[in-house]
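Raw contents of entry.cif, mmCIF, C-alpha atoms:
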```
data_model
loop_
_atom_site.label_atom_id
_atom_site.label_comp_id
_atom_site.auth_asym_id
_atom_site.auth_seq_id
_atom_site.Cartn_x
_atom_site.Cartn_y
_atom_site.Cartn_z
CA MET A 1 15.37 1.65 9.80
CA ASN A 2 16.30 -1.40 11.83
CA ASN A 3 13.54 -3.97 11.51
CA SER A 4 13.59 -4.82 15.19
CA ASP A 5 12.62 -1.34 16.38
CA VAL A 6 10.11 -0.32 13.72
CA TYR A 7 7.15 -1.07 16.05
CA ASN A 8 8.61 0.99 18.92
CA LYS A 9 9.36 3.92 16.59
CA SER A 10 5.73 3.87 15.38
CA ARG A 11 4.50 3.65 18.96
CA GLU A 12 6.62 6.61 20.08
CA GLU A 13 5.48 8.72 17.14
CA LEU A 14 1.81 8.15 18.00
CA LEU A 15 2.34 8.70 21.73
CA SER A 16 3.96 12.09 21.01
CA VAL A 17 0.97 13.05 18.82
CA GLY A 18 -1.30 11.92 21.67
CA LYS A 19 0.53 14.16 24.16
CA LYS A 20 0.44 17.14 21.82
CA TYR A 21 -3.34 16.89 21.36
CA ASN A 22 -4.27 15.71 24.87
CA ILE A 23 -5.52 12.30 23.77
CA ALA A 24 -6.21 10.11 26.83
CA GLN A 25 -2.85 8.38 27.30
CA ASP A 26 -4.25 5.18 28.84
CA LYS A 27 -6.67 4.71 25.93
CA LEU A 28 -3.89 5.36 23.42
CA GLU A 29 -1.47 2.97 25.18
CA GLU A 30 -4.12 0.26 25.12
CA PHE A 31 -4.80 0.85 21.42
CA LEU A 32 -1.10 0.67 20.49
CA GLU A 33 -0.66 -2.86 21.84
CA PRO A 34 -1.85 -5.53 19.37
CA ASP A 35 -4.80 -7.64 20.58
CA ARG A 36 -2.73 -10.73 19.79
CA VAL A 37 0.17 -11.95 17.71
CA VAL A 38 -0.07 -15.53 16.49
CA GLU A 39 3.26 -17.28 15.79
CA VAL A 40 3.22 -20.60 13.94
CA LYS A 41 5.65 -23.16 12.53
CA VAL A 42 5.13 -23.88 8.83
CA PRO A 43 6.90 -27.13 7.78
CA VAL A 44 7.41 -27.73 4.03
CA ASN A 45 8.95 -30.74 2.32
CA LEU A 46 11.72 -29.40 0.07
CA GLY A 47 12.45 -32.82 -1.46
CA THR A 48 15.65 -33.65 0.38
CA GLN A 49 14.43 -32.41 3.75
CA VAL A 50 11.54 -30.85 5.63
CA VAL A 51 12.27 -27.20 6.42
CA THR A 52 10.22 -25.34 9.03
CA PHE A 53 9.53 -21.66 8.37
CA LYS A 54 8.23 -19.13 10.91
CA GLY A 55 4.82 -17.63 10.24
CA TYR A 56 3.02 -14.74 11.94
CA ARG A 57 -0.34 -13.00 12.10
CA SER A 58 -0.66 -9.81 14.11
CA GLN A 59 -4.25 -8.87 14.93
CA HIS A 60 -3.93 -5.30 16.05
CA ASN A 61 -7.32 -3.73 16.75
CA LYS A 62 -10.92 -4.59 15.99
CA ASN A 63 -12.78 -1.56 17.37
CA LEU A 64 -14.14 -0.72 13.91
CA GLY A 65 -14.57 -4.26 12.53
CA PRO A 66 -12.71 -7.48 11.58
CA TYR A 67 -8.92 -7.34 11.39
CA LYS A 68 -7.74 -6.59 7.84
CA GLY A 69 -4.32 -6.66 6.25
CA GLY A 70 -1.86 -8.30 3.91
CA LEU A 71 0.34 -11.38 4.04
CA ARG A 72 3.97 -11.09 2.93
CA PHE A 73 6.53 -13.75 2.06
CA HIS A 74 9.98 -12.27 2.69
CA PRO A 75 13.17 -13.39 4.51
CA ARG A 76 12.99 -10.34 6.79
CA VAL A 77 9.45 -10.93 8.07
CA ASN A 78 9.48 -10.98 11.88
CA LYS A 79 7.17 -10.40 14.82
CA ASP A 80 8.15 -6.76 15.27
CA GLU A 81 7.54 -5.92 11.61
CA VAL A 82 4.06 -7.47 11.45
CA MET A 83 3.12 -5.72 14.72
CA ALA A 84 4.12 -2.35 13.26
CA LEU A 85 2.41 -2.98 9.92
CA SER A 86 -0.80 -4.14 11.64
CA LEU A 87 -0.81 -0.91 13.68
CA TRP A 88 -0.57 1.11 10.44
CA MET A 89 -3.42 -0.93 8.96
CA SER A 90 -5.63 -0.02 11.94
CA LEU A 91 -4.93 3.65 11.18
CA LYS A 92 -5.32 3.24 7.42
CA THR A 93 -8.73 1.52 7.55
CA ALA A 94 -9.95 4.24 9.93
CA VAL A 95 -8.65 7.08 7.71
CA VAL A 96 -10.34 5.71 4.60
CA GLY A 97 -13.54 5.12 6.57
CA ILE A 98 -14.18 1.38 6.23
CA PRO A 99 -15.50 -0.91 9.00
CA PHE A 100 -12.30 -2.92 9.45
CA GLY A 101 -9.53 -3.03 12.02
CA GLY A 102 -5.86 -3.69 11.36
CA GLY A 103 -3.96 -6.92 10.83
CA LYS A 104 -0.81 -8.11 9.09
CA GLY A 105 0.96 -11.41 8.63
CA GLY A 106 3.56 -13.29 6.76
CA ILE A 107 6.20 -15.98 6.59
CA ALA A 108 9.97 -15.51 6.92
CA VAL A 109 10.92 -17.09 3.58
CA ASP A 110 12.47 -16.21 0.24
CA PRO A 111 9.70 -17.41 -2.11
CA LYS A 112 12.03 -17.15 -5.13
CA VAL A 113 13.94 -20.28 -4.01
CA LEU A 114 10.77 -22.41 -3.84
CA SER A 115 9.18 -24.33 -6.70
CA GLU A 116 5.53 -23.57 -7.47
CA LYS A 117 4.51 -26.82 -5.77
CA GLN A 118 6.49 -25.93 -2.62
CA LEU A 119 5.05 -22.43 -2.62
CA GLU A 120 1.54 -23.88 -2.79
CA GLU A 121 2.29 -26.27 0.07
CA LEU A 122 3.69 -23.40 2.16
CA SER A 123 0.58 -21.28 1.50
CA ARG A 124 -1.83 -24.09 2.38
CA GLU A 125 0.10 -25.16 5.49
CA TYR A 126 0.11 -21.56 6.77
CA VAL A 127 -3.69 -21.44 6.44
CA ARG A 128 -4.03 -24.79 8.22
CA LYS A 129 -2.08 -23.27 11.11
CA ILE A 130 -4.05 -19.98 11.37
CA SER A 131 -7.49 -21.17 10.20
CA GLU A 132 -9.07 -20.82 13.65
CA VAL A 133 -8.23 -17.13 13.97
CA ILE A 134 -9.32 -15.96 10.48
CA GLY A 135 -12.78 -15.67 8.92
CA TYR A 136 -15.05 -13.17 7.15
CA ASP A 137 -16.11 -11.71 10.53
CA LYS A 138 -12.78 -12.21 12.36
CA ASP A 139 -9.73 -11.47 10.23
CA VAL A 140 -9.55 -10.97 6.46
CA PRO A 141 -6.07 -11.41 4.89
CA ALA A 142 -4.98 -10.18 1.44
CA PRO A 143 -1.87 -10.22 -0.79
CA ASP A 144 1.14 -8.05 0.08
CA VAL A 145 4.91 -8.25 -0.66
CA ASN A 146 5.73 -11.35 -2.79
CA THR A 147 2.20 -12.72 -2.57
CA ASN A 148 -0.42 -12.51 -5.33
CA PRO A 149 -3.95 -13.61 -6.34
CA LYS A 150 -2.75 -17.14 -7.15
CA ILE A 151 -1.33 -17.59 -3.61
CA ILE A 152 -4.53 -16.14 -2.12
CA ASP A 153 -6.60 -18.55 -4.28
CA TRP A 154 -4.67 -21.52 -2.80
CA MET A 155 -5.24 -20.16 0.70
CA THR A 156 -8.96 -19.58 0.10
CA ASP A 157 -9.34 -23.09 -1.33
CA GLU A 158 -7.58 -24.59 1.72
CA PHE A 159 -9.74 -22.56 4.11
CA ILE A 160 -12.91 -23.76 2.37
CA LYS A 161 -11.67 -27.38 2.63
CA ILE A 162 -10.92 -27.02 6.35
CA SER A 163 -14.35 -25.50 6.96
CA GLY A 164 -15.99 -28.45 5.15
CA MET A 165 -13.98 -31.04 7.09
CA ASN A 166 -14.97 -29.39 10.36
CA GLY A 167 -18.64 -29.65 9.42
CA GLY A 168 -18.94 -25.87 9.12
CA LYS A 169 -22.29 -24.41 8.06
CA THR A 170 -20.90 -21.09 6.74
CA PRO A 171 -22.23 -20.34 3.22
CA LEU A 172 -19.60 -20.56 0.45
CA ASN A 173 -19.81 -16.85 -0.44
CA LYS A 174 -18.85 -15.93 3.15
CA LEU A 175 -15.95 -18.38 3.09
CA PHE A 176 -14.74 -16.56 -0.04
CA ALA A 177 -15.11 -13.27 1.89
CA THR A 178 -12.38 -14.46 4.31
CA PHE A 179 -9.71 -13.39 1.81
CA THR A 180 -9.50 -10.45 -0.58
CA GLY A 181 -7.24 -9.95 -3.59
CA LYS A 182 -8.39 -13.24 -5.13
CA SER A 183 -8.65 -14.03 -8.82
CA LYS A 184 -11.57 -16.41 -8.20
CA ASN A 185 -14.60 -14.44 -6.93
CA GLY A 186 -12.34 -11.38 -6.79
CA LEU A 187 -13.12 -7.75 -7.58
CA GLU A 188 -12.94 -6.07 -10.97
CA GLY A 189 -10.85 -2.93 -10.49
CA ARG A 190 -8.89 -4.31 -7.52
CA THR A 191 -5.65 -4.45 -9.57
CA GLU A 192 -5.56 -0.70 -10.15
CA ALA A 193 -7.30 0.32 -6.89
CA THR A 194 -4.18 1.53 -5.02
CA GLY A 195 -2.87 3.62 -7.94
CA PHE A 196 -6.37 4.87 -8.73
CA GLY A 197 -6.87 5.96 -5.10
CA GLY A 198 -3.54 7.80 -5.10
CA VAL A 199 -4.39 9.72 -8.26
CA THR A 200 -7.80 10.63 -6.81
CA VAL A 201 -5.98 12.14 -3.81
CA LEU A 202 -3.55 13.99 -6.10
CA LYS A 203 -6.46 15.49 -8.10
CA GLU A 204 -8.21 16.62 -4.89
CA LEU A 205 -4.98 18.21 -3.63
CA ALA A 206 -4.46 19.98 -6.97
CA LYS A 207 -7.98 21.47 -6.65
CA LYS A 208 -7.25 22.75 -3.12
CA LEU A 209 -4.00 24.35 -4.30
CA ASN A 210 -5.49 25.66 -7.58
CA LEU A 211 -2.95 23.74 -9.65
CA GLU A 212 -3.59 23.08 -13.32
CA PRO A 213 -2.55 19.42 -13.99
CA LYS A 214 -1.01 20.25 -17.37
CA THR A 215 1.46 22.64 -15.68
CA GLN A 216 2.66 19.95 -13.26
CA ASN A 217 5.66 17.70 -13.98
CA VAL A 218 5.52 14.39 -12.13
CA ALA A 219 8.22 11.76 -11.45
CA VAL A 220 7.30 8.25 -10.26
CA MET A 221 9.84 6.00 -8.53
CA GLY A 222 8.70 2.40 -8.95
CA PHE A 223 6.95 0.92 -11.97
CA GLY A 224 5.30 -2.12 -10.41
CA ASN A 225 1.55 -2.44 -10.03
CA VAL A 226 1.10 0.74 -7.95
CA GLY A 227 3.62 2.92 -9.80
CA PHE A 228 2.41 1.92 -13.26
CA TYR A 229 -1.29 2.50 -12.55
CA PHE A 230 -0.52 5.77 -10.77
CA ALA A 231 1.57 7.01 -13.73
CA ASP A 232 -0.97 5.86 -16.30
CA LEU A 233 -4.03 7.32 -14.56
CA ALA A 234 -2.24 10.58 -13.62
CA SER A 235 -1.18 11.11 -17.23
CA LYS A 236 -4.76 10.39 -18.40
CA SER A 237 -5.87 13.05 -15.87
CA GLY A 238 -3.66 15.63 -17.60
CA PHE A 239 -0.49 15.60 -15.45
CA ASN A 240 2.89 15.50 -17.23
CA LEU A 241 4.61 12.22 -16.37
CA VAL A 242 8.22 13.09 -17.14
CA ALA A 243 10.20 10.38 -15.32
CA VAL A 244 9.56 6.82 -14.20
CA SER A 245 11.88 4.17 -12.78
CA ASP A 246 12.09 0.48 -11.90
CA SER A 247 14.64 -1.34 -9.72
CA LYS A 248 17.35 -0.98 -12.41
CA GLY A 249 16.98 2.78 -12.89
CA GLY A 250 14.84 5.48 -14.43
CA ILE A 251 14.22 7.21 -17.76
CA ILE A 252 13.61 10.81 -18.79
CA LYS A 253 13.31 12.54 -22.15
CA LYS A 254 14.38 16.12 -22.68
CA ASN A 255 14.51 18.80 -25.34
CA GLY A 256 17.30 21.02 -24.02
CA GLU A 257 16.29 21.74 -20.43
CA LYS A 258 12.60 21.05 -21.06
CA PHE A 259 11.10 17.69 -20.06
CA ILE A 260 9.08 15.83 -22.69
CA PRO A 261 6.15 13.91 -21.13
CA LEU A 262 6.43 10.13 -21.49
CA ASP A 263 3.78 8.01 -23.21
CA ILE A 264 3.08 5.72 -20.23
CA PRO A 265 1.16 2.87 -21.98
CA LEU A 266 3.94 2.67 -24.59
CA VAL A 267 6.62 2.75 -21.88
CA TYR A 268 4.79 -0.11 -20.16
CA ASP A 269 4.67 -2.19 -23.37
CA CYS A 270 8.37 -1.50 -23.95
CA LYS A 271 9.23 -2.60 -20.39
CA GLN A 272 7.21 -5.82 -20.84
CA GLU A 273 9.13 -6.54 -24.01
CA LYS A 274 12.62 -5.68 -22.73
CA GLY A 275 12.27 -6.73 -19.10
CA SER A 276 13.31 -3.30 -17.78
CA LEU A 277 12.77 0.40 -18.53
CA ALA A 278 16.27 0.94 -19.94
CA GLY A 279 15.90 2.49 -23.41
CA CYS A 280 12.09 2.86 -23.21
CA TYR A 281 12.02 6.55 -24.17
CA CYS A 282 8.44 6.64 -25.42
CA ALA A 283 6.74 9.99 -25.98
CA GLY A 284 3.90 11.09 -28.25
CA GLY A 285 3.25 7.61 -29.63
CA VAL A 286 6.85 6.71 -30.56
CA CYS A 287 9.78 5.09 -28.76
CA ASP A 288 13.21 6.35 -29.82
CA THR A 289 16.51 7.36 -28.23
CA ARG A 290 16.54 11.04 -29.24
CA GLY A 291 16.63 13.16 -26.12
CA GLY A 292 16.21 10.12 -23.91
CA GLN A 293 18.51 9.29 -21.03
CA MET A 294 18.88 6.76 -18.23
CA ILE A 295 19.07 8.12 -14.71
CA THR A 296 19.54 6.35 -11.37
CA ASN A 297 16.71 6.06 -8.84
CA GLU A 298 18.67 8.48 -6.63
CA GLU A 299 18.79 11.03 -9.47
CA LEU A 300 15.06 10.62 -10.14
CA LEU A 301 14.25 11.62 -6.55
CA GLU A 302 16.27 14.83 -6.95
CA LEU A 303 14.85 15.94 -10.32
CA PRO A 304 13.46 19.51 -10.59
CA VAL A 305 9.84 18.30 -10.87
CA ASP A 306 6.69 19.65 -9.20
CA ILE A 307 5.37 16.37 -7.83
CA LEU A 308 7.30 13.31 -6.66
CA ILE A 309 5.75 9.87 -6.20
CA PRO A 310 7.89 7.36 -4.28
CA ALA A 311 6.01 4.12 -5.09
CA ALA A 312 8.63 1.45 -4.40
CA LEU A 313 10.63 1.17 -1.18
CA GLU A 314 10.60 2.59 2.33
CA ASP A 315 13.04 5.27 3.54
CA VAL A 316 14.23 6.35 0.07
CA ILE A 317 13.98 10.01 1.06
CA ASN A 318 16.12 10.35 4.16
CA GLU A 319 18.79 12.39 5.99
CA ASN A 320 21.26 11.80 3.14
CA ASN A 321 19.22 13.29 0.29
CA MET A 322 16.47 15.41 1.88
CA GLN A 323 18.30 18.68 1.12
CA ASN A 324 18.40 17.80 -2.59
CA ILE A 325 14.65 17.18 -3.00
CA LYS A 326 13.20 19.84 -5.32
CA ALA A 327 9.56 18.69 -5.61
CA LYS A 328 6.97 20.82 -3.83
CA ILE A 329 4.53 17.91 -3.39
CA ILE A 330 5.27 14.31 -2.40
CA ILE A 331 2.59 11.60 -2.51
CA GLU A 332 3.69 8.56 -0.47
CA MET A 333 2.50 5.59 -2.53
CA ALA A 334 5.03 3.19 -0.96
CA ASN A 335 4.87 2.43 2.78
CA GLY A 336 7.06 4.89 4.70
CA PRO A 337 9.17 6.18 1.77
CA VAL A 338 10.05 9.42 3.62
CA SER A 339 11.99 8.91 6.87
CA PRO A 340 10.70 10.79 9.97
CA THR A 341 13.69 13.19 9.95
CA ALA A 342 13.23 13.95 6.23
CA TYR A 343 9.47 14.33 6.73
CA HIS A 344 10.04 16.97 9.40
CA TYR A 345 12.74 18.77 7.39
CA LEU A 346 10.74 18.91 4.14
CA THR A 347 7.47 19.88 5.84
CA GLU A 348 9.29 22.76 7.59
CA LYS A 349 10.48 23.90 4.14
CA GLY A 350 6.88 24.02 2.90
CA VAL A 351 6.80 20.74 0.95
CA ILE A 352 3.32 19.17 1.08
CA ILE A 353 3.58 15.45 1.81
CA VAL A 354 0.48 13.25 1.55
CA PRO A 355 1.19 10.37 3.97
CA ASP A 356 0.97 6.72 2.99
CA ILE A 357 -1.93 5.95 5.35
CA LEU A 358 -4.06 8.25 3.21
CA ALA A 359 -2.35 8.15 -0.21
CA ASN A 360 -2.16 4.39 -0.69
CA SER A 361 -5.34 3.40 1.16
CA GLY A 362 -7.19 2.82 -2.15
CA GLY A 363 -5.98 -0.79 -1.98
CA VAL A 364 -7.67 -1.58 1.32
CA ALA A 365 -10.76 0.40 0.26
CA GLY A 366 -10.93 -1.86 -2.82
CA SER A 367 -10.50 -4.89 -0.53
CA TYR A 368 -13.49 -3.75 1.51
CA ILE A 369 -15.63 -3.53 -1.64
CA GLU A 370 -14.50 -7.06 -2.61
CA TRP A 371 -15.37 -8.36 0.87
CA GLU A 372 -18.81 -6.74 0.66
CA GLN A 373 -19.39 -8.17 -2.82
CA ASN A 374 -18.64 -11.68 -1.51
CA MET A 375 -20.77 -11.16 1.62
CA GLU A 376 -23.73 -10.16 -0.54
CA ASP A 377 -22.98 -12.91 -3.08
CA LYS A 378 -22.98 -10.40 -5.96
CA LYS A 379 -20.67 -9.39 -8.81
CA TYR A 380 -19.97 -5.66 -9.09
CA LYS A 381 -19.16 -3.89 -12.36
CA LYS A 382 -15.72 -2.30 -12.67
CA GLU A 383 -17.01 1.20 -13.43
CA ASP A 384 -19.26 1.09 -10.34
CA VAL A 385 -16.35 -0.11 -8.20
CA LEU A 386 -14.09 2.73 -9.37
CA LYS A 387 -16.85 5.34 -8.93
CA ARG A 388 -17.37 4.19 -5.37
CA LEU A 389 -13.65 4.03 -4.68
CA GLU A 390 -13.23 7.58 -5.98
CA LYS A 391 -15.94 8.82 -3.60
CA MET A 392 -14.34 7.02 -0.62
CA MET A 393 -10.91 8.52 -1.39
CA GLN A 394 -12.36 12.01 -1.92
CA ASN A 395 -14.14 11.83 1.46
CA ALA A 396 -11.00 10.55 3.20
CA PHE A 397 -8.90 13.34 1.69
CA GLU A 398 -11.49 15.98 2.62
CA ASN A 399 -11.58 14.80 6.26
CA VAL A 400 -7.79 14.87 6.57
CA TRP A 401 -7.46 18.23 4.78
CA ASN A 402 -10.10 19.83 7.02
CA GLU A 403 -8.45 18.42 10.15
CA SER A 404 -5.06 19.78 9.05
CA LYS A 405 -6.56 23.26 8.55
CA LYS A 406 -8.44 23.09 11.86
CA GLN A 407 -5.36 22.03 13.84
CA LYS A 408 -2.90 24.05 11.71
CA THR A 409 -0.77 20.97 11.18
CA ASP A 410 0.57 18.79 8.35
CA LEU A 411 -1.42 16.07 6.58
CA LYS A 412 0.36 13.22 8.37
CA GLU A 413 -0.54 14.43 11.84
CA ALA A 414 -4.04 15.24 10.61
CA SER A 415 -4.38 11.66 9.30
CA TYR A 416 -3.41 10.29 12.72
CA LEU A 417 -5.95 12.55 14.41
CA VAL A 418 -8.76 11.52 12.04
CA ALA A 419 -7.93 7.83 12.54
CA LEU A 420 -7.51 7.96 16.33
CA GLY A 421 -10.67 10.05 16.65
CA LYS A 422 -12.66 7.19 15.06
CA ILE A 423 -10.89 4.25 16.73
CA LEU A 424 -10.74 5.59 20.30
CA SER A 425 -14.31 6.89 20.35
CA VAL A 426 -15.76 3.41 19.84
#
```
Structure rendered as structure tokens:
Amino acid sequence: MNNSDVYNKSREELLSVGKKYNIAQDKLEEFLEPDRVVEVKVPVNLGTQVVTFKGYRSQHNKNLGPYKGGLRFHPRVNKDEVMALSLWMSLKTAVVGIPFGGGKGGIAVDPKVLSEKQLEELSREYVRKISEVIGYDKDVPAPDVNTNPKIIDWMTDEFIKISGMNGGKTPLNKLFATFTGKSKNGLEGRTEATGFGGVTVLKELAKKLNLEPKTQNVAVMGFGNVGFYFADLASKSGFNLVAVSDSKGGIIKKNGEKFIPLDIPLVYDCKQEKGSLAGCYCAGGVCDTRGGQMITNEELLELPVDILIPAALEDVINENNMQNIKAKIIIEMANGPVSPTAYHYLTEKGVIIVPDILANSGGVAGSYIEWEQNMEDKKYKKEDVLKRLEKMMQNAFENVWNESKKQKTDLKEASYLVALGKILSV
């Protein structure tokens, strides 16, 4: 999808849902426009010269609470993209039932070409430029593409400094609550929250469909934070994880035509050691090459499995490969991994697709718990965090499932209806 029209495509999709269900068009139009988009210049000294990068923060809607959403460092970041992503955050926070609105931001930069010192300067300068529009009760950023707890720690530290210099009287714990995804004063369980939330949704869906986990073969595309935790927790919940992939390709192990479930913790250790998944055919406590084979990411998507988890990139299931998808269930753990055309085609064929705004909302639910922990100046235990997160995801799934049955529609449309019902009624 062309980056410059992603916001308009999202807008059109929601307007057509609005028409179909007689949602007041003026209210919907007003909601779709972001409250404001802040554009800033972020100058950084690169040694030989000062280079100015473009930074953005889209504050989409605060009907339900402070704006909430990630910050990404990527060359393709632009105004249109952050507007679209902030709109999706407004929907996602509403679906998962937390008192936040939607926001998104970032800087158009390739962080890989910067030294650590330059990256720190970029992060701090960005906060200096947006400090007036963020805060625990205004807008709460978090890590996203190419940003991490270390970057968020620099930003939090800079924000605390600015507050002190301006003679602010805000207590320190509330200054910490301005950012989530931190390592300092962060949340235990936040690292696995997105994957954990996705597996909770999968287990709830399996119950509704009377599926026995041990009869279900699962393939996961993407073995980063989300993909790894999803694969690990799903296999611990009894599902057969038979294929996983990273950016270089995927692995499967077979005995004739029969898949052999992979030993996910061992696969993870092997990947850490080798740098990629190639050759990490680990099953039943051993890693060896017998029956193991490399497959491409494209081949992984088309495997004859029961459940497919795209957990890496957007638009990987599209017009070109939708007819070759054999899975009966798709859980969208990446943002927008199934294109609108493919979504329609597969849904018509009876494939159940759990949309990203529900499936991967465990991350923002975890962020809310971190924010609350900082606001109350407490430290929550990991097992309590995960118990609470599980309950939030179960409730969110139940609401969307019931709405889909009531309206006789798919889970994506039902998610929109649940979200808009909350946001527009305020």
Target residues per the PyMOL selection byres ((chain A and resi 235-237) around 12), formatted as number ranges by chain:
A: 196, 199-200, 202-204, 206, 212-220, 228-234, 238-244, 261-265, 283
Would you pick out the contacts of region 88-99 of chain A at 6 Å or less, using only C-alpha atoms, so that residues sharing its chain but fewer than 6 positions from it are not included, and give the list as a list in words?
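My reading of the contact set: Leu64, Gly65, Ile357, Ala396 and Ala419 of chain A.
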Closest to Ala177 (chain A) among A:Gln373, A:Ser131, A:Thr48, A:Ser404, using all atoms listed in the file?
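Among the listed residues, A:Gln373 lies closest to Ala177 (chain A).
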Axis-aligned box for region 403-414 of chain A, 4 Å per side, centre and edges in Å as AutoDock Vina command-line options:
```
--center_x -3.9 --center_y 18.6 --center_z 10.2 --size_x 17.0 --size_y 18.8 --size_z 15.3
```
The PyMOL selection byres ((chain A and resi 361) around 9) applied to the shown file, residues as a list of chain:residue names
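After applying the PyMOL selection byres ((chain A and resi 361) around 9), what remains is A:Lys92, A:Thr93, A:Val95, A:Val96, A:Ala193, A:Thr194, A:Gly197, A:Gly198, A:Met333, A:Asp356, A:Ile357, A:Leu358, A:Ala359, A:Asn360, A:Gly362, A:Gly363, A:Val364, A:Ala365, A:Gly366, A:Met393.
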Which polymer residues have any atom within 10 Å of an atom of Leu172 (chain A), counting all atoms listed in the file, with same-chain residues fewer than 3 positions away left out, as a PyMOL selection string?
chain A and resi 160+163-164+169+175-177+374-375+377
Would you translate the PyMOL selection byres ((chain A and resi 81-86) around 7) into the concrete set of residues it matches in this file, as a ChimeraX atom specification?
/A:3,6-7,10,34,58-60,69,77-80,87-90,102-105
Using C-alpha atoms, can you write the selected residues to a file as a short mmCIF file (atom, residue, chain, number, x, y, z; two decimals), in the coordinates of the input?
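Output below, filename out_16.cif:
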```
data_model
loop_
_atom_site.label_atom_id
_atom_site.label_comp_id
_atom_site.auth_asym_id
_atom_site.auth_seq_id
_atom_site.Cartn_x
_atom_site.Cartn_y
_atom_site.Cartn_z
CA ASN A 3 13.54 -3.97 11.51
CA VAL A 6 10.11 -0.32 13.72
CA TYR A 7 7.15 -1.07 16.05
CA SER A 10 5.73 3.87 15.38
CA PRO A 34 -1.85 -5.53 19.37
CA SER A 58 -0.66 -9.81 14.11
CA GLN A 59 -4.25 -8.87 14.93
CA HIS A 60 -3.93 -5.30 16.05
CA GLY A 69 -4.32 -6.66 6.25
CA VAL A 77 9.45 -10.93 8.07
CA ASN A 78 9.48 -10.98 11.88
CA LYS A 79 7.17 -10.40 14.82
CA ASP A 80 8.15 -6.76 15.27
CA LEU A 87 -0.81 -0.91 13.68
CA TRP A 88 -0.57 1.11 10.44
CA MET A 89 -3.42 -0.93 8.96
CA SER A 90 -5.63 -0.02 11.94
CA GLY A 102 -5.86 -3.69 11.36
CA GLY A 103 -3.96 -6.92 10.83
CA LYS A 104 -0.81 -8.11 9.09
CA GLY A 105 0.96 -11.41 8.63
#
```
Do a neighbour search on Ala327 (chain A) at 6 Å with only C-alpha atoms, toss out local chain neighbours closer than 4 positions, and write the hits as a list in words.
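Contacts, with the query itself left out: Val305, Asp306, Ile307 and Leu308 of chain A.
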Could you pull out every residue with an atom within 9 Å of (21.1, 0.8, -15.0), file coordinates, counting all atoms listed in the file, and send them as a list of chain:residue names?
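The residues that fall inside the cut-off are A:Ser247, A:Lys248, A:Gly249, A:Gly250, A:Ala278, A:Met294, A:Ile295, A:Thr296.
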Between A:Arg57, A:Lys208, A:Lys379, A:His344, which has the minimum distance to Lys412 (chain A) (counting all atoms listed in the file)?
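Checking each of A:Arg57, A:Lys208, A:Lys379, A:His344 against Lys412 (chain A), counting all atoms listed in the file, the winner is A:His344.
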Could you please determine the separation between CA of Lys41 (chain A) and CA of Glu125 (chain A) in Å, to one decimal place?
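Between these atoms lies a distance of 9.2 Å.
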Please determine, counting all atoms listed in the file, which residue among A:Lys20, A:Lys382, A:Lys328, A:Lys254 has the shortest atom-to-atom distance to Thr191 (chain A).
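Going through A:Lys20, A:Lys382, A:Lys328, A:Lys254 one by one, the smallest distance to Thr191 (chain A) is for A:Lys382.
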So the first atom is CA of Ile317 (chain A) and the second is CA of Leu301 (chain A); what is the distance between them in Å, to one decimal place?
7.8 Å
For the point (-8.7, 15.2, -0.5) in file coordinates, what residues are within 7 Å, counting all atoms listed in the file? Give the answer as a list in words?
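Output: Val201, Glu204, Leu205, Gln394, Asn395, Ala396, Phe397, Glu398 and Trp401 of chain A.
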Please provide as a list in words all residues within 10 Å of Val17 (chain A), with the sequence filter that same-chain residues fewer than 5 positions apart are discarded (counting only C-alpha atoms).
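The residues satisfying every condition are Glu12, Asn22, Ile23, Glu413, Ala414, Tyr416 and Leu417 of chain A.
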Can you write out the residues you just picked, keeping C-alpha atoms, as an mmCIF file, in the frame of the given file?
```cif
data_model
loop_
_atom_site.group_PDB
_atom_site.id
_atom_site.type_symbol
_atom_site.label_atom_id
_atom_site.label_comp_id
_atom_site.auth_asym_id
_atom_site.auth_seq_id
_atom_site.Cartn_x
_atom_site.Cartn_y
_atom_site.Cartn_z
ATOM 1 C CA GLU A 12 6.620 6.610 20.080
ATOM 2 C CA ASN A 22 -4.270 15.710 24.870
ATOM 3 C CA ILE A 23 -5.520 12.300 23.770
ATOM 4 C CA GLU A 413 -0.540 14.430 11.840
ATOM 5 C CA ALA A 414 -4.040 15.240 10.610
ATOM 6 C CA TYR A 416 -3.410 10.290 12.720
ATOM 7 C CA LEU A 417 -5.950 12.550 14.410
#
```
Do a neighbour search on Ser115 (chain A) at 12 Å with all atoms listed in the file, toss out local chain neighbours closer than 3 positions, and write the hits as a PyMOL selection string.
chain A and resi 44-47+110-112+118-122
Counting only C-alpha atoms, which of A:Asn173, A:Asn399, A:Asn166, A:Thr178 gets nearest to Val133 (chain A)?
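Nearest candidate to Val133 (chain A) out of A:Asn173, A:Asn399, A:Asn166, A:Thr178: A:Thr178.
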Using all atoms listed in the file: which of A:Arg388, A:Thr409, A:Lys381, A:Asn210 has the shortest distance to Gly350 (chain A)
A:Thr409
Separation of CA of Ile309 (chain A) from CA of Leu211 (chain A), in Å and rounded to one decimal
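Interatomic distance, CA of Ile309 (chain A) to CA of Leu211 (chain A): 16.7 Å.
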Among the residues A:Val385, A:Val354, A:Val40, A:Ile152, the one that comes closest to Ile369 (chain A) [using all atoms listed in the file]
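Closest to Ile369 (chain A), using all atoms listed in the file: A:Val385.
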